[in-house]
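For reference, my_file.txt is printed below; it contains compact mmCIF, N, CA and C atoms and all ligand atoms.
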# COMPACT_ATOMS: atom_id res chain seq x y z
N MET A 14 133.82 17.61 14.14
CA MET A 14 134.00 18.46 15.33
C MET A 14 134.13 19.92 14.89
N GLU A 15 133.55 20.79 15.72
CA GLU A 15 133.48 22.21 15.35
C GLU A 15 134.86 22.81 15.08
N VAL A 16 135.84 22.42 15.92
CA VAL A 16 137.18 22.98 15.79
C VAL A 16 137.82 22.60 14.46
N GLU A 17 137.71 21.34 14.11
CA GLU A 17 138.24 20.88 12.81
C GLU A 17 137.52 21.56 11.66
N GLN A 18 136.20 21.66 11.84
CA GLN A 18 135.38 22.31 10.81
C GLN A 18 135.88 23.74 10.59
N ASN A 19 136.19 24.44 11.71
CA ASN A 19 136.64 25.82 11.60
C ASN A 19 137.96 25.91 10.84
N ALA A 20 138.89 25.03 11.14
CA ALA A 20 140.19 25.06 10.47
C ALA A 20 140.02 24.90 8.97
N GLN A 21 139.16 23.97 8.59
CA GLN A 21 138.90 23.76 7.16
C GLN A 21 138.23 24.98 6.54
N GLU A 22 137.29 25.54 7.28
CA GLU A 22 136.56 26.69 6.75
C GLU A 22 137.47 27.91 6.60
N GLN A 23 138.39 28.10 7.56
CA GLN A 23 139.32 29.22 7.44
C GLN A 23 140.23 29.02 6.23
N GLU A 24 140.65 27.80 6.05
CA GLU A 24 141.58 27.49 4.94
C GLU A 24 140.96 27.82 3.58
N VAL A 25 139.72 27.39 3.39
CA VAL A 25 139.09 27.63 2.09
C VAL A 25 138.16 28.85 2.13
N ASP A 26 138.15 29.53 3.30
CA ASP A 26 137.37 30.74 3.47
C ASP A 26 135.88 30.55 3.18
N THR A 27 135.32 29.47 3.73
CA THR A 27 133.86 29.32 3.63
C THR A 27 133.25 29.67 4.99
N LEU A 28 131.97 30.01 4.96
CA LEU A 28 131.30 30.42 6.19
C LEU A 28 130.19 29.44 6.54
N PRO A 29 130.17 28.98 7.80
CA PRO A 29 129.11 28.04 8.20
C PRO A 29 127.78 28.77 8.35
N GLU A 30 126.71 28.02 8.15
CA GLU A 30 125.38 28.58 8.39
C GLU A 30 125.11 28.44 9.89
N LEU A 31 124.63 29.50 10.53
CA LEU A 31 124.38 29.43 11.97
C LEU A 31 123.04 28.74 12.26
N LYS A 32 123.01 28.04 13.39
CA LYS A 32 121.80 27.28 13.74
C LYS A 32 120.74 28.16 14.38
N THR A 33 121.17 29.31 14.93
CA THR A 33 120.21 30.18 15.62
C THR A 33 120.19 31.56 14.96
N THR A 34 119.05 32.24 15.11
CA THR A 34 118.97 33.63 14.66
C THR A 34 118.50 34.48 15.83
N ILE A 35 118.83 35.76 15.78
CA ILE A 35 118.43 36.65 16.87
C ILE A 35 117.18 37.41 16.42
N PRO A 36 116.05 37.15 17.11
CA PRO A 36 114.83 37.86 16.72
C PRO A 36 114.93 39.34 17.09
N ASN A 37 114.31 40.18 16.30
CA ASN A 37 114.23 41.63 16.58
C ASN A 37 115.60 42.27 16.78
N PHE A 38 116.56 41.88 15.97
CA PHE A 38 117.92 42.41 16.10
C PHE A 38 117.90 43.94 16.04
N GLU A 39 116.98 44.48 15.25
CA GLU A 39 116.92 45.94 15.07
C GLU A 39 116.58 46.68 16.37
N ASN A 40 116.06 45.96 17.36
CA ASN A 40 115.69 46.62 18.61
C ASN A 40 116.87 46.85 19.56
N TYR A 41 118.01 46.27 19.24
CA TYR A 41 119.16 46.40 20.14
C TYR A 41 120.07 47.55 19.70
N ASP A 42 120.42 48.41 20.68
CA ASP A 42 121.31 49.54 20.38
C ASP A 42 122.77 49.20 20.66
N ARG A 43 122.99 48.47 21.75
CA ARG A 43 124.35 48.15 22.19
C ARG A 43 124.57 46.66 22.10
N ILE A 44 125.61 46.27 21.41
CA ILE A 44 125.83 44.84 21.21
C ILE A 44 127.25 44.47 21.64
N PHE A 45 127.35 43.64 22.68
CA PHE A 45 128.64 43.11 23.10
C PHE A 45 128.94 41.89 22.22
N ILE A 46 130.12 41.86 21.63
CA ILE A 46 130.50 40.69 20.83
C ILE A 46 131.72 40.06 21.49
N GLY A 47 131.51 38.90 22.09
CA GLY A 47 132.60 38.18 22.76
C GLY A 47 133.03 37.01 21.90
N THR A 48 134.34 36.88 21.75
CA THR A 48 134.85 35.84 20.85
C THR A 48 136.22 35.35 21.29
N PRO A 49 136.50 34.06 21.08
CA PRO A 49 137.87 33.60 21.29
C PRO A 49 138.72 33.92 20.05
N THR A 50 140.04 33.83 20.20
CA THR A 50 140.94 33.85 19.05
C THR A 50 141.09 32.42 18.57
N TRP A 51 140.81 32.19 17.32
CA TRP A 51 141.08 30.88 16.72
C TRP A 51 141.99 31.09 15.53
N ASN A 52 143.16 30.47 15.59
CA ASN A 52 144.14 30.66 14.52
C ASN A 52 144.38 32.14 14.25
N MET A 53 144.56 32.87 15.33
CA MET A 53 144.87 34.32 15.32
C MET A 53 143.79 35.15 14.60
N ALA A 54 142.58 34.62 14.51
CA ALA A 54 141.51 35.31 13.79
C ALA A 54 140.18 35.00 14.47
N LEU A 55 139.10 35.54 13.91
CA LEU A 55 137.76 35.19 14.38
C LEU A 55 137.42 33.77 13.96
N PRO A 56 136.72 33.01 14.81
CA PRO A 56 136.13 31.76 14.32
C PRO A 56 135.21 32.10 13.15
N GLN A 57 135.16 31.22 12.17
CA GLN A 57 134.33 31.50 10.98
C GLN A 57 132.86 31.70 11.35
N SER A 58 132.41 31.03 12.43
CA SER A 58 131.00 31.20 12.83
C SER A 58 130.72 32.64 13.25
N VAL A 59 131.71 33.31 13.84
CA VAL A 59 131.51 34.71 14.24
C VAL A 59 131.47 35.60 12.98
N VAL A 60 132.27 35.25 11.99
CA VAL A 60 132.21 35.99 10.71
C VAL A 60 130.81 35.83 10.11
N SER A 61 130.26 34.61 10.18
CA SER A 61 128.88 34.39 9.69
C SER A 61 127.91 35.29 10.42
N PHE A 62 128.09 35.39 11.75
CA PHE A 62 127.20 36.24 12.56
C PHE A 62 127.29 37.70 12.10
N LEU A 63 128.52 38.19 11.92
CA LEU A 63 128.69 39.60 11.50
C LEU A 63 128.03 39.83 10.14
N ASN A 64 128.20 38.87 9.25
CA ASN A 64 127.63 39.02 7.90
C ASN A 64 126.10 38.97 7.90
N GLY A 65 125.53 38.34 8.92
CA GLY A 65 124.10 38.08 8.91
C GLY A 65 123.23 39.22 9.42
N TYR A 66 123.84 40.27 9.97
CA TYR A 66 123.05 41.33 10.59
C TYR A 66 123.53 42.70 10.15
N ASN A 67 122.61 43.67 10.28
CA ASN A 67 122.94 45.05 9.94
C ASN A 67 123.28 45.82 11.22
N PHE A 68 124.51 46.27 11.33
CA PHE A 68 124.98 46.93 12.55
C PHE A 68 124.94 48.45 12.46
N LYS A 69 124.41 48.97 11.38
CA LYS A 69 124.40 50.42 11.16
C LYS A 69 123.70 51.14 12.33
N GLY A 70 124.40 52.14 12.87
CA GLY A 70 123.83 52.96 13.94
C GLY A 70 123.95 52.34 15.33
N LYS A 71 124.48 51.14 15.42
CA LYS A 71 124.58 50.47 16.74
C LYS A 71 125.93 50.76 17.39
N THR A 72 125.99 50.53 18.70
CA THR A 72 127.27 50.58 19.40
C THR A 72 127.72 49.15 19.63
N VAL A 73 128.92 48.85 19.16
CA VAL A 73 129.46 47.49 19.28
C VAL A 73 130.60 47.51 20.29
N ILE A 74 130.55 46.54 21.22
CA ILE A 74 131.55 46.47 22.29
C ILE A 74 132.21 45.09 22.24
N PRO A 75 133.41 45.01 21.67
CA PRO A 75 134.03 43.70 21.49
C PRO A 75 134.88 43.26 22.68
N PHE A 76 134.89 41.98 22.95
CA PHE A 76 135.85 41.44 23.93
C PHE A 76 136.31 40.06 23.48
N ASN A 77 137.50 39.70 23.95
CA ASN A 77 138.18 38.52 23.40
C ASN A 77 138.85 37.71 24.50
N THR A 78 138.80 36.39 24.35
CA THR A 78 139.67 35.52 25.14
C THR A 78 140.62 34.83 24.18
N ASN A 79 141.80 34.53 24.69
CA ASN A 79 142.80 33.87 23.83
C ASN A 79 143.67 32.96 24.68
N GLY A 80 144.43 32.13 24.02
CA GLY A 80 145.25 31.16 24.73
C GLY A 80 146.64 31.69 25.07
N GLY A 81 146.84 32.99 24.92
CA GLY A 81 148.13 33.58 25.29
C GLY A 81 148.81 34.35 24.17
N TYR A 82 148.25 34.27 22.97
CA TYR A 82 148.87 34.96 21.83
C TYR A 82 148.15 36.24 21.46
N GLY A 83 147.15 36.62 22.25
CA GLY A 83 146.46 37.89 22.03
C GLY A 83 145.27 37.77 21.10
N PRO A 84 144.66 38.94 20.81
CA PRO A 84 143.43 38.92 20.00
C PRO A 84 143.67 38.66 18.51
N GLY A 85 144.90 38.74 18.05
CA GLY A 85 145.15 38.53 16.62
C GLY A 85 144.37 39.56 15.81
N SER A 86 143.68 39.11 14.77
CA SER A 86 142.93 40.04 13.92
C SER A 86 141.47 40.15 14.32
N THR A 87 141.09 39.57 15.49
CA THR A 87 139.66 39.52 15.82
C THR A 87 139.01 40.92 15.89
N PHE A 88 139.69 41.87 16.57
CA PHE A 88 139.08 43.21 16.70
C PHE A 88 139.01 43.90 15.34
N ARG A 89 140.07 43.75 14.54
CA ARG A 89 140.05 44.36 13.20
C ARG A 89 138.91 43.79 12.37
N GLN A 90 138.70 42.48 12.47
CA GLN A 90 137.61 41.84 11.71
C GLN A 90 136.24 42.31 12.18
N ILE A 91 136.11 42.52 13.50
CA ILE A 91 134.82 43.01 14.03
C ILE A 91 134.57 44.43 13.51
N ASN A 92 135.64 45.25 13.51
CA ASN A 92 135.50 46.61 12.96
C ASN A 92 135.06 46.57 11.50
N ALA A 93 135.71 45.72 10.73
CA ALA A 93 135.42 45.65 9.29
C ALA A 93 134.04 45.06 9.03
N GLY A 94 133.58 44.19 9.93
CA GLY A 94 132.34 43.46 9.69
C GLY A 94 131.10 44.13 10.27
N THR A 95 131.27 45.31 10.88
CA THR A 95 130.10 45.98 11.49
C THR A 95 130.01 47.41 10.95
N GLN A 96 130.03 47.52 9.65
CA GLN A 96 130.05 48.84 9.01
C GLN A 96 128.88 49.71 9.47
N GLY A 97 129.21 50.98 9.75
CA GLY A 97 128.18 51.92 10.17
C GLY A 97 127.94 51.91 11.66
N ALA A 98 128.61 50.99 12.38
CA ALA A 98 128.47 50.94 13.84
C ALA A 98 129.59 51.76 14.48
N LYS A 99 129.35 52.16 15.73
CA LYS A 99 130.40 52.78 16.52
C LYS A 99 131.03 51.64 17.33
N VAL A 100 132.27 51.31 17.04
CA VAL A 100 132.91 50.19 17.74
C VAL A 100 133.82 50.75 18.83
N LEU A 101 133.53 50.40 20.08
CA LEU A 101 134.32 50.90 21.21
C LEU A 101 135.58 50.06 21.39
N ASP A 102 136.53 50.56 22.20
CA ASP A 102 137.77 49.83 22.47
C ASP A 102 137.46 48.48 23.11
N GLY A 103 138.08 47.45 22.63
CA GLY A 103 137.79 46.11 23.11
C GLY A 103 138.62 45.73 24.33
N TYR A 104 138.20 44.64 24.97
CA TYR A 104 138.96 44.08 26.11
C TYR A 104 139.43 42.69 25.71
N THR A 105 140.70 42.40 26.00
CA THR A 105 141.21 41.07 25.68
C THR A 105 141.88 40.46 26.90
N VAL A 106 141.71 39.17 27.07
CA VAL A 106 142.26 38.49 28.25
C VAL A 106 142.65 37.05 27.88
N LYS A 107 143.70 36.57 28.57
CA LYS A 107 144.07 35.17 28.37
C LYS A 107 143.08 34.29 29.14
N GLY A 108 142.42 33.41 28.43
CA GLY A 108 141.49 32.48 29.07
C GLY A 108 142.13 31.10 29.12
N GLY A 109 141.34 30.11 28.79
CA GLY A 109 141.87 28.75 28.78
C GLY A 109 142.64 28.44 27.50
N GLU A 110 143.12 27.21 27.44
CA GLU A 110 143.78 26.74 26.21
C GLU A 110 143.10 25.43 25.84
N GLU A 111 141.95 25.57 25.19
CA GLU A 111 141.16 24.37 24.87
C GLU A 111 142.00 23.31 24.16
N THR A 112 142.86 23.80 23.26
CA THR A 112 143.63 22.85 22.45
C THR A 112 144.60 22.03 23.32
N ASN A 113 144.95 22.57 24.52
CA ASN A 113 145.80 21.81 25.45
C ASN A 113 145.00 21.24 26.61
N GLY A 114 143.68 21.25 26.48
CA GLY A 114 142.83 20.67 27.52
C GLY A 114 142.66 21.54 28.75
N ILE A 115 143.08 22.83 28.67
CA ILE A 115 142.91 23.72 29.83
C ILE A 115 141.66 24.57 29.59
N ILE A 116 140.60 24.27 30.33
CA ILE A 116 139.35 25.01 30.16
C ILE A 116 138.94 25.67 31.47
N LEU A 117 138.02 26.61 31.36
CA LEU A 117 137.55 27.35 32.53
C LEU A 117 138.72 27.88 33.36
N ALA A 118 139.60 28.64 32.73
CA ALA A 118 140.82 29.12 33.40
C ALA A 118 140.59 30.39 34.20
N ILE A 119 139.47 31.09 33.92
CA ILE A 119 139.23 32.35 34.64
C ILE A 119 138.39 32.03 35.88
N LYS A 120 139.09 31.68 36.95
CA LYS A 120 138.43 31.31 38.21
C LYS A 120 139.34 31.67 39.38
N GLY A 121 138.79 31.59 40.59
CA GLY A 121 139.58 31.87 41.79
C GLY A 121 140.15 33.28 41.77
N GLU A 122 141.44 33.41 42.11
CA GLU A 122 142.10 34.73 42.16
C GLU A 122 142.08 35.41 40.80
N ASN A 123 142.25 34.60 39.76
CA ASN A 123 142.26 35.15 38.40
C ASN A 123 140.92 35.78 38.06
N LYS A 124 139.85 35.13 38.53
CA LYS A 124 138.50 35.65 38.28
C LYS A 124 138.35 37.05 38.90
N ALA A 125 138.84 37.21 40.14
CA ALA A 125 138.74 38.51 40.83
C ALA A 125 139.56 39.56 40.09
N LYS A 126 140.75 39.16 39.61
CA LYS A 126 141.64 40.09 38.89
C LYS A 126 140.98 40.53 37.58
N VAL A 127 140.46 39.56 36.85
CA VAL A 127 139.82 39.86 35.55
C VAL A 127 138.58 40.71 35.76
N SER A 128 137.83 40.42 36.83
CA SER A 128 136.63 41.19 37.12
C SER A 128 136.98 42.67 37.32
N LYS A 129 138.09 42.93 38.04
CA LYS A 129 138.53 44.32 38.26
C LYS A 129 138.93 44.96 36.94
N GLU A 130 139.67 44.20 36.14
CA GLU A 130 140.10 44.73 34.82
C GLU A 130 138.89 45.11 33.97
N ILE A 131 137.86 44.29 34.07
CA ILE A 131 136.66 44.56 33.26
C ILE A 131 135.97 45.84 33.73
N ASP A 132 135.95 46.05 35.06
CA ASP A 132 135.38 47.30 35.57
C ASP A 132 136.15 48.51 35.05
N VAL A 133 137.49 48.41 35.06
CA VAL A 133 138.34 49.51 34.57
C VAL A 133 138.06 49.76 33.08
N TRP A 134 137.95 48.67 32.33
CA TRP A 134 137.66 48.78 30.88
C TRP A 134 136.29 49.43 30.64
N LEU A 135 135.27 48.95 31.36
CA LEU A 135 133.91 49.50 31.16
C LEU A 135 133.84 50.97 31.56
N GLU A 136 134.60 51.31 32.60
CA GLU A 136 134.65 52.71 33.03
C GLU A 136 135.28 53.55 31.92
N LYS A 137 136.38 53.05 31.36
CA LYS A 137 137.12 53.77 30.31
C LYS A 137 136.23 54.00 29.09
N ILE A 138 135.46 53.01 28.72
CA ILE A 138 134.61 53.17 27.53
C ILE A 138 133.20 53.68 27.91
N LYS A 139 133.09 54.11 29.16
CA LYS A 139 131.86 54.76 29.66
C LYS A 139 130.63 53.83 29.56
N GLN A 140 130.82 52.59 29.95
CA GLN A 140 129.72 51.64 29.92
C GLN A 140 129.43 51.07 31.30
N LEU A 141 130.08 51.64 32.35
CA LEU A 141 129.87 51.13 33.70
C LEU A 141 128.70 51.85 34.33
N LYS A 142 127.72 51.09 34.77
CA LYS A 142 126.56 51.68 35.42
C LYS A 142 126.88 51.92 36.89
N ARG A 143 126.56 53.06 37.39
CA ARG A 143 126.82 53.35 38.80
C ARG A 143 125.56 53.16 39.62
C1 LIG B 201 140.75 25.83 17.08
C2 LIG B 201 141.42 26.72 18.10
C3 LIG B 201 142.37 27.62 17.68
C4 LIG B 201 142.99 28.49 18.59
N1 LIG B 201 143.91 29.37 18.14
C5 LIG B 201 144.46 30.25 19.02
C6 LIG B 201 145.40 31.23 18.57
O1 LIG B 201 145.74 31.33 17.39
N2 LIG B 201 145.94 32.07 19.48
C7 LIG B 201 145.59 32.04 20.81
O2 LIG B 201 146.09 32.84 21.59
N3 LIG B 201 144.72 31.11 21.27
C8 LIG B 201 144.15 30.23 20.41
N4 LIG B 201 143.25 29.30 20.86
C9 LIG B 201 142.89 29.30 22.27
C10 LIG B 201 141.54 29.94 22.50
O3 LIG B 201 141.56 31.31 22.16
C11 LIG B 201 141.16 29.75 23.96
O4 LIG B 201 141.01 28.39 24.18
C12 LIG B 201 139.87 30.46 24.31
O5 LIG B 201 140.00 31.85 24.16
C13 LIG B 201 139.49 30.15 25.76
O6 LIG B 201 138.29 30.80 26.05
P1 LIG B 201 137.54 30.48 27.42
O7 LIG B 201 138.54 30.68 28.54
O8 LIG B 201 136.43 31.46 27.42
O9 LIG B 201 137.08 29.06 27.29
C14 LIG B 201 142.64 28.41 19.96
C15 LIG B 201 141.69 27.49 20.39
C16 LIG B 201 141.08 26.66 19.50
C17 LIG B 201 140.06 25.66 20.00
In structure tokens, how does this file's structure come out?
Amino acid sequence: MEVEQNAQEQEVDTLPELKTTIPNFENYDRIFIGTPTWNMALPQSVVSFLNGYNFKGKTVIPFNTNGGYGPGSTFRQINAGTQGAKVLDGYTVKGGEETNGIILAIKGENKAKVSKEIDVWLEKIKQLKR
């Protein structure tokens, strides 16, 4: 299972090989990187993704979901793993708690609240299209 695999990989600090690649990565200027917090860090697969591409000259926009303990080191790892990129302020929100069987938690009233927060965030980092 992916989750168990990640725990083992974090422990021994190995990186999984990704099953997909992004064609023409060089053509993208702005890259949103969305990630959950796993063990207060990036999932190892996201570290593999950062290592696999050249982010020089790009604008990176990170966002995070977590089970209530915050982004941990995810934003710091994204900063460190995208050398030469301009990394904008990230957005973090409490999502589900997969490990406790709570999934798809951003819905109903919470969805409307989070949607507003995202508009405020995008406005602040000047990424909201009018
Ligand atoms: C293996 C694993 C480790 C996790 N570790 C943490 C953690 O250290 N801190 C935390 O706040 N949430 C942790 N979570 C909760 C996830 O961050 C949460 O389930 C995810 O952000 C929900 O995203 P979603 O609402 O987009 O599905 C962990 C979840 C998994 C599956």
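A distance search around ligand LIG 201 (chain B) (5 Å at most, all atoms listed in the file) returns the following protein and nucleic acid residues: Val16, Pro49, Thr50, Trp51, Asn52, Met53, Thr78, Asn79, Gly80, Gly81, Tyr82, Gly83, Gly108, Gly109, Glu110, Glu111, Thr112, Leu117 and Ala118 of chain A.
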inquiry  = Give me the residues near Ile91 (chain A) as number ranges by chain, where near means some atom within 8 Å (using only N, CA and C atoms) and where sequence neighbours in that chain fewer than 6 positions away do not count.
reply    = A: 55, 63, 75, 100
inquiry  = Just the number, please: distance in Å from CA of Asn37 (chain A) to CA of Ile74 (chain A), one decimal.
reply    =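 So the two atoms, CA of Asn37 (chain A) and CA of Ile74 (chain A), lie 18.9 Å apart.
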key: Close residues, Ser61 (chain A) itself excluded, 10 Å, only C-alpha atoms, min 2 positions apart in chain, as a list in words   = Thr27, Leu28, Pro29, Glu30, Leu31, Pro56, Gln57, Ser58, Val59, Leu63, Asn64, Gly65, Tyr66 and Gly94 of chain A
How would the residues just chosen look if you wrote them out with N, CA and C atoms as a compact mmCIF listing (two decimals), in the coordinates of the input?
# COMPACT_ATOMS: atom_id res chain seq x y z
N THR A 27 135.32 29.47 3.73
CA THR A 27 133.86 29.32 3.63
C THR A 27 133.25 29.67 4.99
N LEU A 28 131.97 30.01 4.96
CA LEU A 28 131.30 30.42 6.19
C LEU A 28 130.19 29.44 6.54
N PRO A 29 130.17 28.98 7.80
CA PRO A 29 129.11 28.04 8.20
C PRO A 29 127.78 28.77 8.35
N GLU A 30 126.71 28.02 8.15
CA GLU A 30 125.38 28.58 8.39
C GLU A 30 125.11 28.44 9.89
N LEU A 31 124.63 29.50 10.53
CA LEU A 31 124.38 29.43 11.97
C LEU A 31 123.04 28.74 12.26
N PRO A 56 136.72 33.01 14.81
CA PRO A 56 136.13 31.76 14.32
C PRO A 56 135.21 32.10 13.15
N GLN A 57 135.16 31.22 12.17
CA GLN A 57 134.33 31.50 10.98
C GLN A 57 132.86 31.70 11.35
N SER A 58 132.41 31.03 12.43
CA SER A 58 131.00 31.20 12.83
C SER A 58 130.72 32.64 13.25
N VAL A 59 131.71 33.31 13.84
CA VAL A 59 131.51 34.71 14.24
C VAL A 59 131.47 35.60 12.98
N LEU A 63 128.52 38.19 11.92
CA LEU A 63 128.69 39.60 11.50
C LEU A 63 128.03 39.83 10.14
N ASN A 64 128.20 38.87 9.25
CA ASN A 64 127.63 39.02 7.90
C ASN A 64 126.10 38.97 7.90
N GLY A 65 125.53 38.34 8.92
CA GLY A 65 124.10 38.08 8.91
C GLY A 65 123.23 39.22 9.42
N TYR A 66 123.84 40.27 9.97
CA TYR A 66 123.05 41.33 10.59
C TYR A 66 123.53 42.70 10.15
N GLY A 94 133.58 44.19 9.93
CA GLY A 94 132.34 43.46 9.69
C GLY A 94 131.10 44.13 10.27
task = Might you pull out every residue within 12 Å of Tyr41 (chain A), with only C-alpha atoms counted and same-chain residues fewer than 4 positions away left off, and present them as number ranges by chain?
result = A: 35-37, 45, 66-73
message = Please report the interatomic distance between CA of Thr34 (chain A) and atom C of Ile46 (chain A) in Å with one decimal.
response =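 Pair CA of Thr34 (chain A) / atom C of Ile46 (chain A) returns 15.8 Å.
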Atomic separation - atom N of Ala93 (chain A) relative to CA of Asp26 (chain A), Å = 16.7 Å
query = Of the candidates A:Gly114, A:Lys137, A:Gly103, A:Phe62, which shows the shortest atom-to-atom distance to Thr33 (chain A), using only C-alpha atoms?
reply =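 Going through A:Gly114, A:Lys137, A:Gly103, A:Phe62 one by one, the smallest distance to Thr33 (chain A) is for A:Phe62.
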inquiry  = Which of chain A end up as alpha helix (DSSP H) when DSSP is run on this backbone - answer as a ChimeraX atom specification?
reply    = /A:15-25,57-65,87-94,121-137
ask   = When DSSP works through the backbone of this structure, what residues of chain A end up as strand (DSSP E), shown as a PyMOL selection string?
value = chain A and resi 43-49+72-79+99-100+104-107
Would you give the centre and edge lengths, in Å to one decimal, of a box along x, y and z around the listed atoms of region 29-40 of chain A, with 3 Å added to each side, as JSON?
{"center_x": 122.2, "center_y": 37.1, "center_z": 13.7, "size_x": 21.9, "size_y": 25.6, "size_z": 17.8}
